[in-house]
Each structure stands twice: as structure tokens, then as C-alpha cells.
>>> print(open('final22.cif').read())   # mmCIF, C-alpha atoms
data_final
#
loop_
_atom_site.group_PDB
_atom_site.id
_atom_site.type_symbol
_atom_site.label_atom_id
_atom_site.label_comp_id
_atom_site.auth_asym_id
_atom_site.auth_seq_id
_atom_site.Cartn_x
_atom_site.Cartn_y
_atom_site.Cartn_z
ATOM 1 C CA MET A 2 -1.599 -12.267 8.601
ATOM 2 C CA LYS A 3 0.435 -9.814 10.660
ATOM 3 C CA ALA A 4 3.243 -8.055 8.791
ATOM 4 C CA ILE A 5 5.614 -5.110 8.816
ATOM 5 C CA MET A 6 5.056 -2.621 6.003
ATOM 6 C CA ILE A 7 7.902 -0.770 4.387
ATOM 7 C CA SER A 8 7.537 1.871 1.712
ATOM 8 C CA GLY A 9 9.820 3.655 -0.692
ATOM 9 C CA ARG A 10 10.132 5.038 -4.192
ATOM 10 C CA THR A 11 10.159 2.805 -7.267
ATOM 11 C CA LEU A 12 11.334 3.328 -10.845
ATOM 12 C CA GLY A 13 7.792 2.841 -12.164
ATOM 13 C CA GLN A 14 6.542 5.473 -9.776
ATOM 14 C CA GLY A 15 9.206 7.940 -10.877
ATOM 15 C CA ALA A 16 8.399 7.411 -14.539
ATOM 16 C CA SER A 17 4.737 8.327 -13.984
ATOM 17 C CA LEU A 18 5.154 10.971 -11.275
ATOM 18 C CA GLU A 19 4.141 13.896 -13.492
ATOM 19 C CA ALA A 20 0.692 12.412 -14.146
ATOM 20 C CA LYS A 21 -0.635 11.279 -10.771
ATOM 21 C CA THR A 22 -4.123 10.619 -12.101
ATOM 22 C CA SER A 23 -2.904 8.489 -15.005
ATOM 23 C CA PRO A 24 -3.403 4.725 -15.299
ATOM 24 C CA GLU A 25 0.392 4.348 -15.287
ATOM 25 C CA PHE A 26 0.747 6.040 -11.891
ATOM 26 C CA PHE A 27 -2.160 3.994 -10.519
ATOM 27 C CA LYS A 28 -0.479 0.765 -11.612
ATOM 28 C CA ALA A 29 2.924 1.915 -10.299
ATOM 29 C CA VAL A 30 1.838 2.682 -6.720
ATOM 30 C CA SER A 31 -1.368 0.809 -5.884
ATOM 31 C CA PHE A 32 0.193 -2.574 -5.180
ATOM 32 C CA CYS A 33 1.540 -4.577 -2.282
ATOM 33 C CA ALA A 34 4.574 -6.791 -2.768
ATOM 34 C CA LEU A 35 4.720 -9.892 -0.579
ATOM 35 C CA SER A 36 7.079 -12.813 -0.231
ATOM 36 C CA GLU A 37 6.058 -15.823 -2.268
ATOM 37 C CA GLU A 38 5.426 -17.713 0.978
ATOM 38 C CA ASP A 39 3.034 -15.026 2.303
ATOM 39 C CA TYR A 40 1.320 -14.640 -1.080
ATOM 40 C CA ASP A 41 0.600 -18.363 -1.184
ATOM 41 C CA ALA A 42 -0.402 -18.521 2.511
ATOM 42 C CA LEU A 43 -3.024 -15.824 1.908
ATOM 43 C CA GLY A 44 -4.541 -17.944 -0.858
ATOM 44 C CA ILE A 45 -4.237 -15.234 -3.486
ATOM 45 C CA SER A 46 -4.785 -16.530 -6.966
ATOM 46 C CA GLY A 47 -3.870 -14.866 -10.228
ATOM 47 C CA GLU A 48 -4.264 -11.097 -10.118
ATOM 48 C CA GLY A 49 -5.661 -10.926 -6.578
ATOM 49 C CA ASN A 50 -5.969 -8.041 -4.158
ATOM 50 C CA VAL A 51 -5.162 -7.656 -0.480
ATOM 51 C CA LEU A 52 -6.692 -5.584 2.279
ATOM 52 C CA VAL A 53 -3.991 -3.903 4.374
ATOM 53 C CA ARG A 54 -5.087 -2.321 7.651
ATOM 54 C CA ASN A 55 -3.854 -1.010 10.938
ATOM 55 C CA GLU A 56 -4.822 1.565 13.558
ATOM 56 C CA PHE A 57 -4.387 4.406 11.046
ATOM 57 C CA GLY A 58 -6.599 3.106 8.243
ATOM 58 C CA GLU A 59 -7.095 0.458 5.625
ATOM 59 C CA ILE A 60 -6.555 0.115 1.918
ATOM 60 C CA VAL A 61 -7.082 -2.399 -0.853
ATOM 61 C CA VAL A 62 -4.157 -2.844 -3.247
ATOM 62 C CA SER A 63 -3.226 -5.422 -5.854
ATOM 63 C CA ALA A 64 -0.903 -8.195 -4.698
ATOM 64 C CA LYS A 65 2.437 -9.087 -6.287
ATOM 65 C CA LYS A 66 4.996 -11.743 -5.417
ATOM 66 C CA ASP A 67 8.483 -10.462 -4.653
ATOM 67 C CA GLU A 68 11.306 -12.966 -4.241
ATOM 68 C CA GLY A 69 13.414 -10.347 -2.442
ATOM 69 C CA LEU A 70 11.079 -9.924 0.517
ATOM 70 C CA PRO A 71 11.281 -12.141 3.589
ATOM 71 C CA PRO A 72 8.062 -13.592 5.024
ATOM 72 C CA GLY A 73 6.246 -11.127 7.267
ATOM 73 C CA VAL A 74 7.397 -8.008 5.394
ATOM 74 C CA ILE A 75 5.331 -6.222 2.730
ATOM 75 C CA PHE A 76 6.239 -3.317 0.446
ATOM 76 C CA ILE A 77 3.830 -0.636 -0.810
ATOM 77 C CA PRO A 78 5.307 2.210 -2.907
ATOM 78 C CA MET A 79 5.190 5.666 -1.324
ATOM 79 C CA GLY A 80 2.060 7.466 -2.378
ATOM 80 C CA PRO A 81 -1.632 7.805 -1.629
ATOM 81 C CA TRP A 82 -2.272 4.105 -1.044
ATOM 82 C CA ALA A 83 0.629 3.680 1.394
ATOM 83 C CA ASN A 84 -0.328 6.934 3.122
ATOM 84 C CA ALA A 85 -3.654 5.390 4.127
ATOM 85 C CA VAL A 86 -1.824 3.157 6.634
ATOM 86 C CA VAL A 87 1.079 5.420 7.648
ATOM 87 C CA GLY A 88 0.861 7.201 10.999
ATOM 88 C CA ARG A 89 0.916 10.965 11.306
ATOM 89 C CA LYS A 90 3.782 11.221 13.794
ATOM 90 C CA THR A 91 6.974 12.571 12.286
ATOM 91 C CA GLY A 92 9.378 12.447 15.210
ATOM 92 C CA GLY A 93 10.117 16.140 14.669
ATOM 93 C CA CYS A 94 11.511 15.703 11.149
ATOM 94 C CA GLY A 95 8.347 16.551 9.206
ATOM 95 C CA THR A 96 8.189 13.192 7.429
ATOM 96 C CA PRO A 97 6.110 10.250 8.679
ATOM 97 C CA GLN A 98 7.672 6.855 9.268
ATOM 98 C CA PHE A 99 7.328 4.967 5.989
ATOM 99 C CA LYS A 100 9.122 1.902 7.297
ATOM 100 C CA GLY A 101 8.187 -0.463 10.079
ATOM 101 C CA GLU A 102 4.418 0.059 10.275
ATOM 102 C CA LYS A 103 2.637 -2.915 11.818
ATOM 103 C CA VAL A 104 -0.240 -4.036 9.590
ATOM 104 C CA GLU A 105 -2.633 -6.897 9.039
ATOM 105 C CA VAL A 106 -2.968 -8.297 5.526
ATOM 106 C CA GLU A 107 -5.659 -10.523 4.072
ATOM 107 C CA GLY A 108 -6.757 -11.580 0.617
ATOM 108 C CA THR A 109 -9.895 -9.821 -0.616
ATOM 109 C CA LYS A 110 -12.261 -9.651 -3.556
ATOM 110 C CA MET A 111 -12.749 -5.902 -2.990
ATOM 111 C CA PRO A 112 -11.471 -3.687 -5.821
ATOM 112 C CA VAL A 113 -8.593 -1.232 -5.615
ATOM 113 C CA MET A 114 -9.962 2.329 -5.488
ATOM 114 C CA GLU A 115 -8.973 4.758 -8.225
ATOM 115 C CA ILE A 116 -7.100 7.803 -6.913
ATOM 116 C CA ARG A 117 -10.107 10.151 -6.897
ATOM 117 C CA GLU A 118 -12.201 7.571 -5.021
ATOM 118 C CA LEU A 119 -9.346 7.053 -2.578
ATOM 119 C CA PHE A 120 -9.066 10.779 -1.795
ATOM 120 C CA ALA A 121 -12.840 11.121 -1.395
ATOM 121 C CA ASP A 122 -12.832 8.152 0.988
ATOM 122 C CA MET A 123 -9.912 9.590 3.005
ATOM 123 C CA LYS A 124 -11.687 12.940 3.264
ATOM 124 C CA LYS A 125 -14.890 11.239 4.392
ATOM 125 C CA GLN A 126 -12.937 9.381 7.097
ATOM 126 C CA GLY A 127 -11.259 12.605 8.262
ATOM 127 C CA GLY A 128 -7.872 11.733 6.773
ATOM 128 C CA GLY A 129 -6.394 13.434 3.786
ATOM 129 C CA ARG A 130 -2.672 13.033 4.307
ATOM 130 C CA SER A 131 -1.447 12.419 0.781
#
>>> encode(input="final22.cif", output="C-alpha cells")
Amino acid sequence: MKAIMISGRTLGQGASLEAKTSPEFFKAVSFCALSEEDYDALGISGEGNVLVRNEFGEIVVSAKKDEGLPPGVIFIPMGPWANAVVGRKTGGCGTPQFKGEKVEVEGTKMPVMEIRELFADMKKQGGGRS
């Protein structure tokens, strides 16, 4: 499924910001919110995961239904997982575009990487923008 990814801060993320390697931070930022329609169309059942990818990279995150999102738009909280699919261009402001990234999303059985695994994988792929 083709989608537009937006990203931003969440309350859960803010509450766990001081401990970025904690299970609470992991849970607060390693998910993808989708409209109920898109969630169902992808055939995700229960506590499923999605693979999100584009020209900049790919990432596996847990999937959540969000009644506030329209079909074709996904939300991933700002952080290491979102950074895997955010471009490097900053338009001269020093901050990448965290809204409007074109991505492809599909249901997957692959697990969500823990933060240390994620960073090691990014380094191996020549990334490391987190």
C-alpha cells in the first residue's frame, strides 16, 4: 500500500524521553498508526507489524489503528524508527522533513528491532541519522 508518512512528538514519547533504551521508550516510538480502513486492508491481525519502506530505508514497526487518520496517511512518532525512512535534505533549516514522506507499507511477520539492533543495522547500511 502506498501512503504518506507524517511524524511528530507524542505524550508517551515525552514521558520516556530520558531513558531512550528503556522498554517504555521502545513501546512509545516503535509503532505505526494507520486508519482502520488501511489496517484492515493490509490484513493485520491482533498485534501485527508492518514494514515501512521508501528510497531512504526500511523499518519494521508495530501497527496500531487510529480513528483520527484518513486512509493513505500513516503516523510514526519522531525517533530512531521514523528516522530510518526520513530523507536527509533539510531545505536549509537543519531539520529533515518529518511530514509528507512517500512510503510503502505492508503487513509482515518480521519482528521490530530493539534500539541497539536498529542502530547497528543503520550503521551497517551506512545510515546513522538518529
>>> resolve_selection(input="final22.cif", expression="the PyMOL selection byres ((chain A and resi 65-75) around 6)", output="PyMOL selection string")
chain A and resi 4-6+34-37+39+64+76
>>> atom_distance(input="final22.cif", atom1="CA of Ser8 in chain A", atom2="CA of Gly44 in chain A")
23.3 Å
>>> axis_aligned_box(input="final22.cif", around="range 57-71 of chain A", padding_each_side="3 Å", output="AutoDock Vina command-line options")
--center_x 3.2 --center_y -4.3 --center_z 2.4 --size_x 26.5 --size_y 23.4 --size_z 23.3
>>> resolve_selection(input="final22.cif", expression="the PyMOL selection byres ((chain A and resi 79-82) around 6)", output="list in words")
Ser8, Gly9, Arg10, Ser31, Pro78, Ala83, Asn84, Ala85 and Ser131 of chain A
>>> write_last_selection(input="final22.cif", atoms="C-alpha atoms", output="short mmCIF file (atom, residue, chain, number, x, y, z; two decimals), keeping the file's coordinate frame")
data_model
loop_
_atom_site.label_atom_id
_atom_site.label_comp_id
_atom_site.auth_asym_id
_atom_site.auth_seq_id
_atom_site.Cartn_x
_atom_site.Cartn_y
_atom_site.Cartn_z
CA SER A 8 7.54 1.87 1.71
CA GLY A 9 9.82 3.66 -0.69
CA ARG A 10 10.13 5.04 -4.19
CA SER A 31 -1.37 0.81 -5.88
CA PRO A 78 5.31 2.21 -2.91
CA ALA A 83 0.63 3.68 1.39
CA ASN A 84 -0.33 6.93 3.12
CA ALA A 85 -3.65 5.39 4.13
CA SER A 131 -1.45 12.42 0.78
#
>>> closest_residue(input="final22.cif", among="A:Val104, A:Ile60, A:Cys33, A:Val86", to="Asp122 in chain A", atoms="all atoms listed in the file")
A:Ile60
>>> decode(input="final22.cif", residues="range 49-70 of chain A", atoms="N, CA and C atoms", output="PDB file, in the first residue's frame")
ATOM      1  N   GLY A  49      -0.133  -7.096  15.132  1.00  0.00           N
ATOM      2  CA  GLY A  49       0.728  -7.281  13.969  1.00  0.00           C
ATOM      3  C   GLY A  49       1.739  -6.169  13.757  1.00  0.00           C
ATOM      4  N   ASN A  50       2.663  -6.428  12.858  1.00  0.00           N
ATOM      5  CA  ASN A  50       3.697  -5.467  12.497  1.00  0.00           C
ATOM      6  C   ASN A  50       3.556  -5.086  11.030  1.00  0.00           C
ATOM      7  N   VAL A  51       4.156  -3.947  10.681  1.00  0.00           N
ATOM      8  CA  VAL A  51       4.205  -3.518   9.293  1.00  0.00           C
ATOM      9  C   VAL A  51       5.635  -3.189   8.910  1.00  0.00           C
ATOM     10  N   LEU A  52       5.936  -3.405   7.641  1.00  0.00           N
ATOM     11  CA  LEU A  52       7.199  -2.999   7.052  1.00  0.00           C
ATOM     12  C   LEU A  52       6.921  -1.695   6.329  1.00  0.00           C
ATOM     13  N   VAL A  53       7.660  -0.651   6.675  1.00  0.00           N
ATOM     14  CA  VAL A  53       7.523   0.659   6.043  1.00  0.00           C
ATOM     15  C   VAL A  53       8.827   0.909   5.302  1.00  0.00           C
ATOM     16  N   ARG A  54       8.731   1.242   4.008  1.00  0.00           N
ATOM     17  CA  ARG A  54       9.965   1.464   3.245  1.00  0.00           C
ATOM     18  C   ARG A  54       9.774   2.548   2.198  1.00  0.00           C
ATOM     19  N   ASN A  55      10.907   3.124   1.843  1.00  0.00           N
ATOM     20  CA  ASN A  55      10.955   4.085   0.754  1.00  0.00           C
ATOM     21  C   ASN A  55      12.391   4.139   0.252  1.00  0.00           C
ATOM     22  N   GLU A  56      12.713   5.160  -0.528  1.00  0.00           N
ATOM     23  CA  GLU A  56      14.047   5.264  -1.110  1.00  0.00           C
ATOM     24  C   GLU A  56      15.144   5.483  -0.064  1.00  0.00           C
ATOM     25  N   PHE A  57      14.778   5.905   1.137  1.00  0.00           N
ATOM     26  CA  PHE A  57      15.765   6.205   2.167  1.00  0.00           C
ATOM     27  C   PHE A  57      16.072   5.019   3.074  1.00  0.00           C
ATOM     28  N   GLY A  58      15.163   4.071   3.178  1.00  0.00           N
ATOM     29  CA  GLY A  58      15.381   2.921   4.038  1.00  0.00           C
ATOM     30  C   GLY A  58      14.095   2.173   4.302  1.00  0.00           C
ATOM     31  N   GLU A  59      14.184   1.257   5.246  1.00  0.00           N
ATOM     32  CA  GLU A  59      13.001   0.489   5.630  1.00  0.00           C
ATOM     33  C   GLU A  59      13.081   0.151   7.107  1.00  0.00           C
ATOM     34  N   ILE A  60      11.894  -0.069   7.675  1.00  0.00           N
ATOM     35  CA  ILE A  60      11.812  -0.328   9.104  1.00  0.00           C
ATOM     36  C   ILE A  60      10.580  -1.164   9.399  1.00  0.00           C
ATOM     37  N   VAL A  61      10.683  -2.015  10.390  1.00  0.00           N
ATOM     38  CA  VAL A  61       9.535  -2.769  10.874  1.00  0.00           C
ATOM     39  C   VAL A  61       9.097  -2.137  12.189  1.00  0.00           C
ATOM     40  N   VAL A  62       7.802  -1.840  12.283  1.00  0.00           N
ATOM     41  CA  VAL A  62       7.221  -1.257  13.490  1.00  0.00           C
ATOM     42  C   VAL A  62       5.898  -1.961  13.769  1.00  0.00           C
ATOM     43  N   SER A  63       5.442  -1.878  15.012  1.00  0.00           N
ATOM     44  CA  SER A  63       4.147  -2.465  15.334  1.00  0.00           C
ATOM     45  C   SER A  63       3.049  -1.589  14.746  1.00  0.00           C
ATOM     46  N   ALA A  64       1.923  -2.195  14.452  1.00  0.00           N
ATOM     47  CA  ALA A  64       0.805  -1.485  13.823  1.00  0.00           C
ATOM     48  C   ALA A  64      -0.286  -1.196  14.843  1.00  0.00           C
ATOM     49  N   LYS A  65      -0.858   0.009  14.750  1.00  0.00           N
ATOM     50  CA  LYS A  65      -1.966   0.404  15.621  1.00  0.00           C
ATOM     51  C   LYS A  65      -3.038   1.078  14.769  1.00  0.00           C
ATOM     52  N   LYS A  66      -4.285   0.833  15.099  1.00  0.00           N
ATOM     53  CA  LYS A  66      -5.384   1.551  14.453  1.00  0.00           C
ATOM     54  C   LYS A  66      -5.515   2.927  15.082  1.00  0.00           C
ATOM     55  N   ASP A  67      -5.821   3.915  14.232  1.00  0.00           N
ATOM     56  CA  ASP A  67      -6.030   5.279  14.709  1.00  0.00           C
ATOM     57  C   ASP A  67      -7.222   5.865  13.962  1.00  0.00           C
ATOM     58  N   GLU A  68      -8.314   6.066  14.678  1.00  0.00           N
ATOM     59  CA  GLU A  68      -9.536   6.580  14.060  1.00  0.00           C
ATOM     60  C   GLU A  68      -9.372   7.987  13.505  1.00  0.00           C
ATOM     61  N   GLY A  69      -8.359   8.722  13.947  1.00  0.00           N
ATOM     62  CA  GLY A  69      -8.167  10.096  13.505  1.00  0.00           C
ATOM     63  C   GLY A  69      -7.417  10.247  12.199  1.00  0.00           C
ATOM     64  N   LEU A  70      -6.848   9.144  11.695  1.00  0.00           N
ATOM     65  CA  LEU A  70      -6.089   9.234  10.452  1.00  0.00           C
ATOM     66  C   LEU A  70      -6.965   8.888   9.250  1.00  0.00           C
TER      67      LEU A  70
END
